[in-house]
file run-v5.cif (mmCIF, C-alpha atoms)
data_model
loop_
_atom_site.group_PDB
_atom_site.id
_atom_site.type_symbol
_atom_site.label_atom_id
_atom_site.label_comp_id
_atom_site.auth_asym_id
_atom_site.auth_seq_id
_atom_site.Cartn_x
_atom_site.Cartn_y
_atom_site.Cartn_z
ATOM 1 C CA MET A 1 36.140 -122.902 35.768
ATOM 2 C CA SER A 2 33.245 -120.750 36.960
ATOM 3 C CA GLU A 3 32.919 -117.060 36.173
ATOM 4 C CA SER A 4 34.705 -116.328 39.433
ATOM 5 C CA GLY A 5 37.855 -118.011 38.105
ATOM 6 C CA TYR A 6 37.754 -120.967 40.476
ATOM 7 C CA ARG A 7 35.542 -123.904 41.428
ATOM 8 C CA LEU A 8 34.705 -125.136 44.935
ATOM 9 C CA LEU A 9 34.607 -128.905 45.475
ATOM 10 C CA ASP A 10 33.471 -130.351 48.800
ATOM 11 C CA CYS A 11 35.686 -133.092 50.213
ATOM 12 C CA GLY A 12 33.405 -134.422 52.925
ATOM 13 C CA ASP A 13 32.083 -131.943 55.482
ATOM 14 C CA ARG A 14 35.442 -130.721 56.786
ATOM 15 C CA ALA A 15 37.472 -129.965 53.679
ATOM 16 C CA LEU A 16 37.033 -127.847 50.585
ATOM 17 C CA THR A 17 39.080 -127.876 47.384
ATOM 18 C CA VAL A 18 39.504 -124.625 45.479
ATOM 19 C CA GLU A 19 40.244 -125.652 41.885
ATOM 20 C CA LEU A 20 41.980 -122.915 39.880
ATOM 21 C CA GLY A 21 42.755 -124.658 36.609
ATOM 22 C CA LYS A 22 42.799 -127.852 34.563
ATOM 23 C CA THR A 23 46.461 -127.960 33.512
ATOM 24 C CA VAL A 24 49.881 -127.994 35.123
ATOM 25 C CA ASP A 25 51.012 -124.409 34.610
ATOM 26 C CA PRO A 26 53.421 -122.173 36.573
ATOM 27 C CA ALA A 27 50.972 -119.251 36.464
ATOM 28 C CA VAL A 28 48.136 -121.362 37.892
ATOM 29 C CA ASN A 29 50.430 -122.772 40.557
ATOM 30 C CA ALA A 30 51.527 -119.241 41.471
ATOM 31 C CA GLN A 31 47.867 -118.344 41.996
ATOM 32 C CA VAL A 32 47.393 -121.416 44.192
ATOM 33 C CA ILE A 33 50.326 -120.356 46.369
ATOM 34 C CA ALA A 34 49.182 -116.726 46.548
ATOM 35 C CA LEU A 35 45.657 -117.766 47.551
ATOM 36 C CA ASP A 36 47.099 -120.138 50.144
ATOM 37 C CA GLU A 37 49.113 -117.315 51.693
ATOM 38 C CA ALA A 38 46.099 -114.990 51.676
ATOM 39 C CA ILE A 39 43.756 -117.517 53.314
ATOM 40 C CA ARG A 40 46.284 -118.516 55.967
ATOM 41 C CA GLY A 41 47.092 -114.868 56.588
ATOM 42 C CA ALA A 42 43.431 -114.156 57.365
ATOM 43 C CA GLY A 43 43.885 -116.074 60.633
ATOM 44 C CA ARG A 44 40.268 -117.192 60.876
ATOM 45 C CA PRO A 45 39.326 -119.456 63.811
ATOM 46 C CA GLY A 46 38.323 -122.874 62.529
ATOM 47 C CA LEU A 47 40.835 -122.859 59.680
ATOM 48 C CA LEU A 48 42.826 -126.032 60.373
ATOM 49 C CA GLU A 49 45.207 -126.574 57.479
ATOM 50 C CA THR A 50 45.831 -125.681 53.844
ATOM 51 C CA VAL A 51 47.511 -127.893 51.250
ATOM 52 C CA PRO A 52 48.608 -126.259 47.966
ATOM 53 C CA THR A 53 48.865 -128.595 44.965
ATOM 54 C CA TYR A 54 49.637 -128.206 41.266
ATOM 55 C CA ARG A 55 46.371 -126.455 40.369
ATOM 56 C CA SER A 56 44.182 -126.440 43.476
ATOM 57 C CA LEU A 57 44.164 -125.596 47.163
ATOM 58 C CA LEU A 58 42.771 -127.993 49.752
ATOM 59 C CA ILE A 59 41.399 -126.256 52.855
ATOM 60 C CA LEU A 60 40.637 -128.266 55.995
ATOM 61 C CA TYR A 61 38.300 -126.539 58.429
ATOM 62 C CA ASP A 62 36.151 -127.024 61.543
ATOM 63 C CA PRO A 63 32.528 -126.411 60.474
ATOM 64 C CA ASP A 64 31.496 -125.710 64.074
ATOM 65 C CA ARG A 65 33.790 -122.680 64.174
ATOM 66 C CA LEU A 66 33.963 -121.844 60.471
ATOM 67 C CA PRO A 67 30.793 -122.791 58.585
ATOM 68 C CA ARG A 68 31.181 -123.726 54.955
ATOM 69 C CA VAL A 69 29.295 -120.637 53.765
ATOM 70 C CA GLU A 70 31.677 -118.383 55.696
ATOM 71 C CA LEU A 71 34.694 -120.200 54.305
ATOM 72 C CA ALA A 72 33.354 -119.731 50.774
ATOM 73 C CA ALA A 73 32.893 -116.023 51.507
ATOM 74 C CA LEU A 74 36.459 -115.838 52.842
ATOM 75 C CA ILE A 75 37.777 -117.345 49.612
ATOM 76 C CA ALA A 76 35.732 -114.930 47.508
ATOM 77 C CA ALA A 77 36.998 -111.991 49.573
ATOM 78 C CA HIS A 78 40.600 -112.931 48.727
ATOM 79 C CA TRP A 79 40.015 -113.568 45.020
ATOM 80 C CA PRO A 80 41.895 -112.798 42.954
ATOM 81 C CA PRO A 81 44.934 -113.110 45.208
ATOM 82 C CA PRO A 82 47.839 -110.655 44.874
ATOM 83 C CA GLU A 83 49.947 -111.403 41.834
ATOM 84 C CA ALA A 84 53.099 -113.339 42.558
ATOM 85 C CA GLY A 85 56.442 -111.728 41.783
ATOM 86 C CA ALA A 86 58.438 -112.619 38.704
ATOM 87 C CA GLY A 87 60.881 -114.734 40.725
ATOM 88 C CA ALA A 88 60.206 -117.596 43.073
ATOM 89 C CA GLY A 89 61.972 -115.815 45.923
ATOM 90 C CA ARG A 90 64.084 -118.827 46.909
ATOM 91 C CA ARG A 91 66.309 -121.221 45.018
ATOM 92 C CA TRP A 92 67.902 -124.282 46.583
ATOM 93 C CA ARG A 93 71.157 -125.763 45.303
ATOM 94 C CA VAL A 94 70.778 -129.472 46.039
ATOM 95 C CA PRO A 95 73.808 -131.790 45.837
ATOM 96 C CA VAL A 96 73.190 -135.106 44.072
ATOM 97 C CA HIS A 97 75.338 -138.168 43.491
ATOM 98 C CA TYR A 98 74.131 -139.561 40.179
ATOM 99 C CA GLY A 99 74.274 -143.156 38.972
ATOM 100 C CA GLY A 100 75.843 -146.255 40.438
ATOM 101 C CA GLU A 101 74.087 -147.719 43.457
ATOM 102 C CA HIS A 102 72.433 -144.327 44.013
ATOM 103 C CA GLY A 103 70.887 -144.158 40.542
ATOM 104 C CA ALA A 104 69.993 -147.691 39.525
ATOM 105 C CA ASP A 105 67.934 -146.622 36.502
ATOM 106 C CA LEU A 106 70.248 -143.967 35.083
ATOM 107 C CA ALA A 107 71.913 -146.200 32.478
ATOM 108 C CA SER A 108 68.657 -147.672 31.148
ATOM 109 C CA LEU A 109 66.959 -144.264 31.108
ATOM 110 C CA ALA A 110 69.898 -142.849 29.180
ATOM 111 C CA ALA A 111 69.783 -145.706 26.652
ATOM 112 C CA GLY A 112 66.062 -145.142 26.128
ATOM 113 C CA ALA A 113 66.684 -141.448 25.526
ATOM 114 C CA GLY A 114 69.532 -142.064 23.109
ATOM 115 C CA LEU A 115 71.970 -140.293 25.432
ATOM 116 C CA SER A 116 74.937 -141.278 27.549
ATOM 117 C CA PRO A 117 74.496 -141.325 31.349
ATOM 118 C CA GLU A 118 76.812 -138.302 31.516
ATOM 119 C CA GLU A 119 74.590 -136.421 29.073
ATOM 120 C CA VAL A 120 71.482 -137.219 31.134
ATOM 121 C CA VAL A 121 73.200 -135.868 34.244
ATOM 122 C CA ALA A 122 74.202 -132.700 32.408
ATOM 123 C CA VAL A 123 70.653 -132.184 31.115
ATOM 124 C CA HIS A 124 69.043 -132.922 34.495
ATOM 125 C CA ALA A 125 71.406 -130.649 36.406
ATOM 126 C CA GLY A 126 71.365 -127.899 33.802
ATOM 127 C CA ARG A 127 68.180 -126.045 34.718
ATOM 128 C CA ASP A 128 66.005 -124.781 37.556
ATOM 129 C CA TYR A 129 62.920 -126.745 38.608
ATOM 130 C CA ARG A 130 59.790 -125.371 40.212
ATOM 131 C CA VAL A 131 58.495 -127.043 43.363
ATOM 132 C CA TYR A 132 54.835 -127.449 42.429
ATOM 133 C CA MET A 133 53.788 -129.249 45.569
ATOM 134 C CA ILE A 134 54.881 -131.293 48.566
ATOM 135 C CA GLY A 135 52.993 -134.547 48.959
ATOM 136 C CA PHE A 136 52.785 -138.352 48.902
ATOM 137 C CA ALA A 137 55.217 -138.533 51.850
ATOM 138 C CA PRO A 138 56.553 -135.883 54.262
ATOM 139 C CA GLY A 139 58.843 -133.596 52.271
ATOM 140 C CA PHE A 140 58.513 -135.321 48.879
ATOM 141 C CA ALA A 141 58.962 -132.521 46.333
ATOM 142 C CA TYR A 142 57.197 -132.738 42.966
ATOM 143 C CA LEU A 143 59.197 -130.685 40.463
ATOM 144 C CA GLY A 144 58.182 -129.298 37.086
ATOM 145 C CA GLY A 145 60.335 -128.158 34.179
ATOM 146 C CA LEU A 146 62.014 -131.426 33.176
ATOM 147 C CA ASP A 147 63.695 -131.339 29.766
ATOM 148 C CA PRO A 148 61.574 -133.399 27.297
ATOM 149 C CA ARG A 149 64.694 -135.277 26.205
ATOM 150 C CA ILE A 150 64.755 -137.147 29.515
ATOM 151 C CA HIS A 151 61.052 -137.714 30.085
ATOM 152 C CA ALA A 152 60.683 -141.373 31.044
ATOM 153 C CA SER A 153 57.683 -143.570 31.749
ATOM 154 C CA ARG A 154 57.288 -145.090 35.182
ATOM 155 C CA ARG A 155 58.557 -148.592 35.839
ATOM 156 C CA THR A 156 56.234 -151.509 35.114
ATOM 157 C CA ASP A 157 57.523 -153.146 38.314
ATOM 158 C CA PRO A 158 57.425 -150.493 41.082
ATOM 159 C CA ARG A 159 59.909 -150.968 43.877
ATOM 160 C CA PRO A 160 58.380 -151.572 47.324
ATOM 161 C CA LYS A 161 61.297 -149.657 48.834
ATOM 162 C CA THR A 162 63.688 -147.029 47.428
ATOM 163 C CA PRO A 163 66.668 -145.356 49.125
ATOM 164 C CA ALA A 164 66.144 -142.307 51.317
ATOM 165 C CA GLY A 165 66.822 -139.067 49.488
ATOM 166 C CA SER A 166 66.320 -140.545 46.026
ATOM 167 C CA VAL A 167 66.194 -138.211 43.028
ATOM 168 C CA SER A 168 63.969 -139.723 40.375
ATOM 169 C CA ILE A 169 62.047 -139.181 37.147
ATOM 170 C CA GLY A 170 58.433 -140.139 36.510
ATOM 171 C CA GLY A 171 56.933 -139.114 33.173
ATOM 172 C CA ASN A 172 57.507 -135.382 32.684
ATOM 173 C CA GLN A 173 58.316 -134.795 36.346
ATOM 174 C CA THR A 174 61.349 -135.162 38.547
ATOM 175 C CA GLY A 175 61.251 -135.403 42.304
ATOM 176 C CA VAL A 176 63.237 -135.424 45.531
ATOM 177 C CA SER A 177 62.441 -137.983 48.212
ATOM 178 C CA PRO A 178 62.707 -137.247 51.932
ATOM 179 C CA PRO A 179 65.138 -139.262 54.101
ATOM 180 C CA LEU A 180 62.686 -142.167 54.165
ATOM 181 C CA GLU A 181 62.623 -145.452 52.276
ATOM 182 C CA LEU A 182 59.552 -145.177 50.071
ATOM 183 C CA PRO A 183 57.754 -147.329 47.491
ATOM 184 C CA SER A 184 58.063 -145.886 44.003
ATOM 185 C CA GLY A 185 57.635 -146.652 40.337
ATOM 186 C CA TRP A 186 59.753 -143.673 39.283
ATOM 187 C CA GLN A 187 63.148 -144.075 37.605
ATOM 188 C CA LEU A 188 65.996 -143.650 40.104
ATOM 189 C CA ILE A 189 68.844 -141.510 38.741
ATOM 190 C CA GLY A 190 70.600 -140.259 41.874
ATOM 191 C CA ARG A 191 70.484 -139.560 45.567
ATOM 192 C CA THR A 192 70.914 -136.434 47.661
ATOM 193 C CA PRO A 193 72.329 -136.165 51.183
ATOM 194 C CA ALA A 194 70.051 -133.150 51.789
ATOM 195 C CA ARG A 195 67.084 -133.877 54.031
ATOM 196 C CA SER A 196 63.890 -132.392 52.653
ATOM 197 C CA TYR A 197 62.173 -133.465 55.873
ATOM 198 C CA ASP A 198 63.596 -133.568 59.383
ATOM 199 C CA PRO A 199 61.208 -133.482 62.366
ATOM 200 C CA ALA A 200 64.101 -132.384 64.599
ATOM 201 C CA ARG A 201 64.414 -129.052 62.769
ATOM 202 C CA ALA A 202 62.508 -125.947 63.854
ATOM 203 C CA GLU A 203 61.009 -125.988 60.342
ATOM 204 C CA PRO A 204 60.751 -129.685 59.432
ATOM 205 C CA PHE A 205 60.215 -129.109 55.691
ATOM 206 C CA LEU A 206 63.145 -127.757 53.701
ATOM 207 C CA PHE A 207 61.303 -126.940 50.475
ATOM 208 C CA THR A 208 57.983 -125.226 49.971
ATOM 209 C CA ALA A 209 55.700 -124.883 46.956
ATOM 210 C CA GLY A 210 56.965 -122.103 44.697
ATOM 211 C CA ASP A 211 60.642 -122.626 45.499
ATOM 212 C CA LEU A 212 63.154 -123.346 42.746
ATOM 213 C CA ILE A 213 65.638 -126.212 42.879
ATOM 214 C CA ARG A 214 68.843 -126.697 40.902
ATOM 215 C CA PHE A 215 70.836 -129.904 41.243
ATOM 216 C CA ASP A 216 74.618 -129.904 41.689
ATOM 217 C CA PRO A 217 76.371 -133.182 40.756
ATOM 218 C CA ILE A 218 78.810 -134.452 43.402
ATOM 219 C CA GLY A 219 81.126 -137.459 43.752
ATOM 220 C CA ARG A 220 80.694 -140.382 46.106
ATOM 221 C CA ALA A 221 83.214 -139.128 48.672
ATOM 222 C CA GLU A 222 81.448 -135.756 48.901
ATOM 223 C CA PHE A 223 78.097 -137.518 49.167
ATOM 224 C CA ASP A 224 79.334 -139.543 52.132
ATOM 225 C CA SER A 225 80.791 -136.447 53.802
ATOM 226 C CA LEU A 226 77.637 -134.381 53.313
ATOM 227 C CA SER A 227 75.490 -137.275 54.525
ATOM 228 C CA GLU A 228 77.390 -137.249 57.817
ATOM 229 C CA ALA A 229 76.917 -133.482 58.056
ATOM 230 C CA ALA A 230 73.188 -133.846 57.350
ATOM 231 C CA ARG A 231 72.839 -136.476 60.068
ATOM 232 C CA ALA A 232 74.495 -133.994 62.443
ATOM 233 C CA GLY A 233 71.830 -131.405 61.616
ATOM 234 C CA GLU A 234 73.403 -129.385 58.798
ATOM 235 C CA THR A 235 71.159 -128.409 55.899
ATOM 236 C CA VAL A 236 73.843 -129.164 53.216
ATOM 237 C CA ALA A 237 71.555 -127.734 50.514
ATOM 238 C CA THR A 238 72.363 -124.061 49.839
ATOM 239 C CA LEU A 239 69.651 -121.385 49.830
ATOM 240 C CA GLU A 240 69.859 -118.525 47.360
ATOM 241 C CA ARG A 241 67.552 -115.505 47.476
ATOM 242 C CA ILE A 242 66.052 -114.341 44.196
ATOM 243 C CA ASP A 243 64.706 -110.853 43.588
ATOM 244 C CA GLY A 244 61.070 -110.900 42.467
#
call {"tool": "encode", "arguments": {"input": "run-v5.cif", "output": "structure tokens"}}
result
Amino acid sequence: MSESGYRLLDCGDRALTVELGKTVDPAVNAQVIALDEAIRGAGRPGLLETVPTYRSLLILYDPDRLPRVELAALIAAHWPPPEAGAGAGRRWRVPVHYGGEHGADLASLAAGAGLSPEEVVAVHAGRDYRVYMIGFAPGFAYLGGLDPRIHASRRTDPRPKTPAGSVSIGGNQTGVSPPLELPSGWQLIGRTPARSYDPARAEPFLFTAGDLIRFDPIGRAEFDSLSEAARAGETVATLERIDG
């Protein structure tokens, strides 16, 4: 990093990456989110879009209305961003049906970890996960905080199509797929009826970077019932407010 605490990387002539760190770290990610909020809150003409990631912020801009030098000055004026609160502010309780046809890799992942499938479910559902970023596909949530006991390498034969709403593990991460059939090399352990992306909603994306997620195991009958409710427009995931 530079003496300023960040590094600017040009991505063509209409995008700029603000790199805040070299490692995946909750404190760095909190800074990314705080800077994102500060830059968007400035409301500058020519600012097109911001995309927070694990350790950097991508800013898309119109150089005819917001020259690069002015954007760099805007970033400097908002550095360092206000410190984030101790809590994430929001926690989602996300129902998941683990195993069976909805978690094709659960048994093999469990065997590789020296655990039973039931133990893997208990470990996976037993903690909060931080949403580090949304990416790859609309509403795909990359989550950090996976217990090392159930870290699992990606498949050597990626699937060209996985079920909508899959909950999976890839390396030291776990993730939630949107209601879209996506290619993936991650290990499938379950499926949620909750829709992390729905263009028919006023706010299409359910999760946002900085949120927390905790998974609640459910049976097949409840999964089917909640899936019907989700198709009818219900959120089915439960939002909890957390004091900062």
call {"tool": "closest_atom_pairs", "arguments": {"input": "run-v5.cif", "of": "segment 142-207 of chain A", "to": "segment 10-24 of chain A", "cutoff": "12 Å", "atoms": "all atoms listed in the file", "output": "Markdown table"}}
result
| residue | atom | partner | partner_atom | distance |
| --- | --- | --- | --- | --- |
| A:Tyr142 | CA | A:Val24 | CA | 11.7 |
| A:Leu143 | CA | A:Val24 | CA | 11.1 |
| A:Gly144 | CA | A:Val24 | CA | 8.6 |
| A:Gly145 | CA | A:Val24 | CA | 10.5 |
| A:Asn172 | CA | A:Val24 | CA | 10.9 |
| A:Gln173 | CA | A:Val24 | CA | 10.9 |
call {"tool": "closest_residue", "arguments": {"input": "run-v5.cif", "among": "A:Thr174, A:Gln187, A:Thr53, A:Ser225", "to": "Ala34 of chain A", "atoms": "only C-alpha atoms"}}
result
A:Thr53
call {"tool": "atom_distance", "arguments": {"input": "run-v5.cif", "atom1": "atom CA of Ile218 of chain A", "atom2": "atom CA of His102 of chain A"}}
result
11.8 Å
call {"tool": "closest_residue", "arguments": {"input": "run-v5.cif", "among": "A:Ala152, A:Ala232, A:Ile169, A:Val96", "to": "Gly114 of chain A", "atoms": "only C-alpha atoms"}}
result
A:Ala152
call {"tool": "residues_near_point", "arguments": {"input": "run-v5.cif", "point": "(56.2, -147.0, 41.2)", "cutoff": "7 Å", "atoms": "all atoms listed in the file", "output": "ChimeraX atom specification"}}
result
/A:154-155,157-159,183-186
call {"tool": "write_last_selection", "arguments": {"input": "run-v5.cif", "atoms": "C-alpha atoms", "output": "PDB file, in the coordinates of the input"}}
result
ATOM      1  CA  ARG A 154      57.288-145.090  35.182  1.00  0.00           C
ATOM      2  CA  ARG A 155      58.557-148.592  35.839  1.00  0.00           C
ATOM      3  CA  ASP A 157      57.523-153.146  38.314  1.00  0.00           C
ATOM      4  CA  PRO A 158      57.425-150.493  41.082  1.00  0.00           C
ATOM      5  CA  ARG A 159      59.909-150.968  43.877  1.00  0.00           C
ATOM      6  CA  PRO A 183      57.754-147.329  47.491  1.00  0.00           C
ATOM      7  CA  SER A 184      58.063-145.886  44.003  1.00  0.00           C
ATOM      8  CA  GLY A 185      57.635-146.652  40.337  1.00  0.00           C
ATOM      9  CA  TRP A 186      59.753-143.673  39.283  1.00  0.00           C
TER      10      TRP A 186
END
call {"tool": "residues_around", "arguments": {"input": "run-v5.cif", "residues": "Pro45 of chain A", "least_positions_apart": "2", "cutoff": "10 Å", "atoms": "all atoms listed in the file", "output": "ChimeraX atom specification"}}
result
/A:42-43,47-48,61-62,65-66
call {"tool": "residues_around", "arguments": {"input": "run-v5.cif", "residues": "Pro52 of chain A", "least_positions_apart": "4", "cutoff": "8 Å", "atoms": "all atoms listed in the file", "output": "number ranges by chain"}}
result
A: 32-33, 36, 56-58, 133, 209
call {"tool": "residues_near_point", "arguments": {"input": "run-v5.cif", "point": "(76.2, -137.2, 54.3)", "cutoff": "12 Å", "atoms": "all atoms listed in the file", "output": "ChimeraX atom specification"}}
result
/A:95-97,164-165,179,191-195,218-237
call {"tool": "decode", "arguments": {"input": "run-v5.cif", "residues": "segment 83-107 of chain A", "atoms": "N, CA and C atoms", "output": "short mmCIF file (atom, residue, chain, number, x, y, z; two decimals), in the first residue's frame"}}
result
data_model
loop_
_atom_site.label_atom_id
_atom_site.label_comp_id
_atom_site.auth_asym_id
_atom_site.auth_seq_id
_atom_site.Cartn_x
_atom_site.Cartn_y
_atom_site.Cartn_z
N GLU A 83 -15.09 4.97 10.64
CA GLU A 83 -14.94 3.60 11.11
C GLU A 83 -16.30 2.92 11.16
N ALA A 84 -16.31 1.67 10.73
CA ALA A 84 -17.54 0.89 10.80
C ALA A 84 -17.83 0.52 12.24
N GLY A 85 -19.10 0.29 12.55
CA GLY A 85 -19.50 -0.11 13.89
C GLY A 85 -19.04 -1.52 14.20
N ALA A 86 -19.16 -1.90 15.45
CA ALA A 86 -18.70 -3.23 15.86
C ALA A 86 -19.54 -4.34 15.23
N GLY A 87 -20.82 -4.09 14.99
CA GLY A 87 -21.69 -5.09 14.39
C GLY A 87 -21.90 -4.83 12.93
N ALA A 88 -22.40 -5.82 12.23
CA ALA A 88 -22.63 -5.67 10.80
C ALA A 88 -23.90 -4.90 10.51
N GLY A 89 -24.76 -4.75 11.52
CA GLY A 89 -26.01 -4.03 11.31
C GLY A 89 -27.17 -4.93 10.92
N ARG A 90 -26.90 -5.94 10.07
CA ARG A 90 -27.97 -6.83 9.63
C ARG A 90 -27.46 -8.28 9.64
N ARG A 91 -28.34 -9.17 10.09
CA ARG A 91 -28.04 -10.59 10.00
C ARG A 91 -29.25 -11.29 9.39
N TRP A 92 -28.98 -12.11 8.39
CA TRP A 92 -30.03 -12.88 7.73
C TRP A 92 -30.02 -14.32 8.22
N ARG A 93 -31.18 -14.83 8.59
CA ARG A 93 -31.34 -16.26 8.88
C ARG A 93 -31.85 -16.91 7.61
N VAL A 94 -31.02 -17.77 7.02
CA VAL A 94 -31.30 -18.34 5.71
C VAL A 94 -31.59 -19.83 5.84
N PRO A 95 -32.80 -20.27 5.49
CA PRO A 95 -33.13 -21.69 5.58
C PRO A 95 -32.41 -22.49 4.50
N VAL A 96 -31.93 -23.67 4.87
CA VAL A 96 -31.20 -24.53 3.93
C VAL A 96 -31.62 -25.98 4.13
N HIS A 97 -31.91 -26.66 3.03
CA HIS A 97 -32.09 -28.11 3.09
C HIS A 97 -30.77 -28.73 2.66
N TYR A 98 -30.12 -29.42 3.59
CA TYR A 98 -28.81 -29.99 3.36
C TYR A 98 -28.90 -31.42 2.83
N GLY A 99 -27.95 -31.79 1.99
CA GLY A 99 -27.79 -33.17 1.56
C GLY A 99 -28.81 -33.63 0.55
N GLY A 100 -28.77 -34.95 0.28
CA GLY A 100 -29.69 -35.52 -0.69
C GLY A 100 -29.48 -34.92 -2.08
N GLU A 101 -30.54 -34.78 -2.82
CA GLU A 101 -30.44 -34.22 -4.17
C GLU A 101 -30.07 -32.74 -4.14
N HIS A 102 -30.24 -32.10 -2.98
CA HIS A 102 -29.91 -30.68 -2.85
C HIS A 102 -28.49 -30.44 -2.37
N GLY A 103 -27.78 -31.49 -2.02
CA GLY A 103 -26.40 -31.35 -1.55
C GLY A 103 -25.59 -32.54 -1.99
N ALA A 104 -25.36 -32.64 -3.30
CA ALA A 104 -24.78 -33.85 -3.89
C ALA A 104 -23.39 -34.17 -3.38
N ASP A 105 -22.67 -33.16 -2.87
CA ASP A 105 -21.28 -33.39 -2.44
C ASP A 105 -21.14 -33.49 -0.92
N LEU A 106 -22.24 -33.43 -0.20
CA LEU A 106 -22.14 -33.40 1.26
C LEU A 106 -21.47 -34.66 1.81
N ALA A 107 -21.87 -35.82 1.33
CA ALA A 107 -21.33 -37.08 1.88
C ALA A 107 -19.83 -37.19 1.61
#
